[in-house]
Amino acid sequence: MARNYYQASQIVGDNQRIAAWKHLPPSGEPDPAPVLRDSSRAVALTPEQPPPDSDDGVDLTLIRCTLAMTPAERLDFLDSQIADIEAIRKLNARKLNAR
Amino acid sequence: MQGKLRLTLQALVSAHVDFILVGGLAAVLRGAPVHTYDVDVVFSQQPANIANLLAALASLDAVFRIQPWRNIRPNESHLLGSGHLNLQTKYGYLDVLTNIGENVRYDQLLPFSSPMLIDESTTIQVLNLKTLIEFKEQLSTEKDRAMLPILRRTLSESEK
């Protein structure tokens, strides 16, 4: 599908750049679209892109990302986050104990 | 490697437990970008299901987490009561609930849930997001109120 690409610094503010970050797939997976990582590179945001946050401050980009997953993928995502957090806690506990 | 949340749910399904997933993990499966560490389920208190649930809890090495060092295991009388059993298992935290809200039980919740696949062969009943929001609105804890804007926005985005 053809996409319009713009220089991020020209069309988006800080919030939208952050939103573009949050659209990145997990590491190791190919990008589904060339959504790029900083303002010096192009992003796949278009002028008709919906707003990244709701009026009450909820990050709609995260909601759209999770809604795009299947329930099984949502469960995998949360399970992997918990595993990562546990690993970091264990690593830091070992370091604290070693002091 | 399987995640602990999935392994907990699979243990319940393997033991043929009739349950409805509620709470934060239900919100996650419904698409809400929230974080939770425990599995909350409302279970049927039919005698056969109590037996199946006890078998599942035994397979999970479940003990009450208020004093885990005492290794108090849930028994039939606990499950036939009317409260919440906050358990610790070999895969993490599992809250086994006889009811939610104002004494709403499994049979009453079932019409407000629907099946979801959590892997290629495992289906579980998950409370609908709209109903989950209604229960959270009834609760007065700060934690529940804090989650409400995200749940409401998830519902509205999912209906677009």
# chains A, B, ... in the order shown; residues from 1 in each chain; ligands from 1
>>> residues_around(residues="A:Phe77", least_positions_apart="2", cutoff="12 Å", atoms="only C-alpha atoms", output="JSON, numbers by chain")
{"A": [25, 26, 65, 66, 69, 70, 71, 72, 73, 74, 75, 79, 80, 81, 82, 83, 84], "B": [2, 3, 4, 5, 6, 25, 28, 29, 31, 33, 34, 35, 36, 118]}
>>> residues_around(residues="A:Asp55", least_positions_apart="4", cutoff="12 Å", atoms="only C-alpha atoms", output="number ranges by chain")
A: 51, 59-60; B: 149-150, 153
>>> atom_distance(atom1="atom CA of B:Ser77", atom2="atom CA of B:Ser14")
22.6 Å
>>> residues_around(residues="B:Leu148", least_positions_apart="4", cutoff="9 Å", atoms="only C-alpha atoms", output="PyMOL selection string")
chain B and resi 133+136-137+144+152-153
>>> write_last_selection(atoms="C-alpha atoms", output="compact mmCIF listing (two decimals), in the first residue's frame")
# COMPACT_ATOMS: atom_id res chain seq x y z
CA ILE B 133 -16.08 -1.14 33.53
CA LYS B 136 -14.98 -1.01 38.41
CA GLU B 137 -17.34 1.95 38.61
CA ASP B 144 -9.93 0.70 40.35
CA ARG B 152 -13.43 3.43 28.82
CA ARG B 153 -11.16 4.60 26.00
>>> closest_residue(among="B:Thr154, B:Gln10, B:Asn75, B:Gln46", to="chain A", atoms="only C-alpha atoms")
B:Thr154
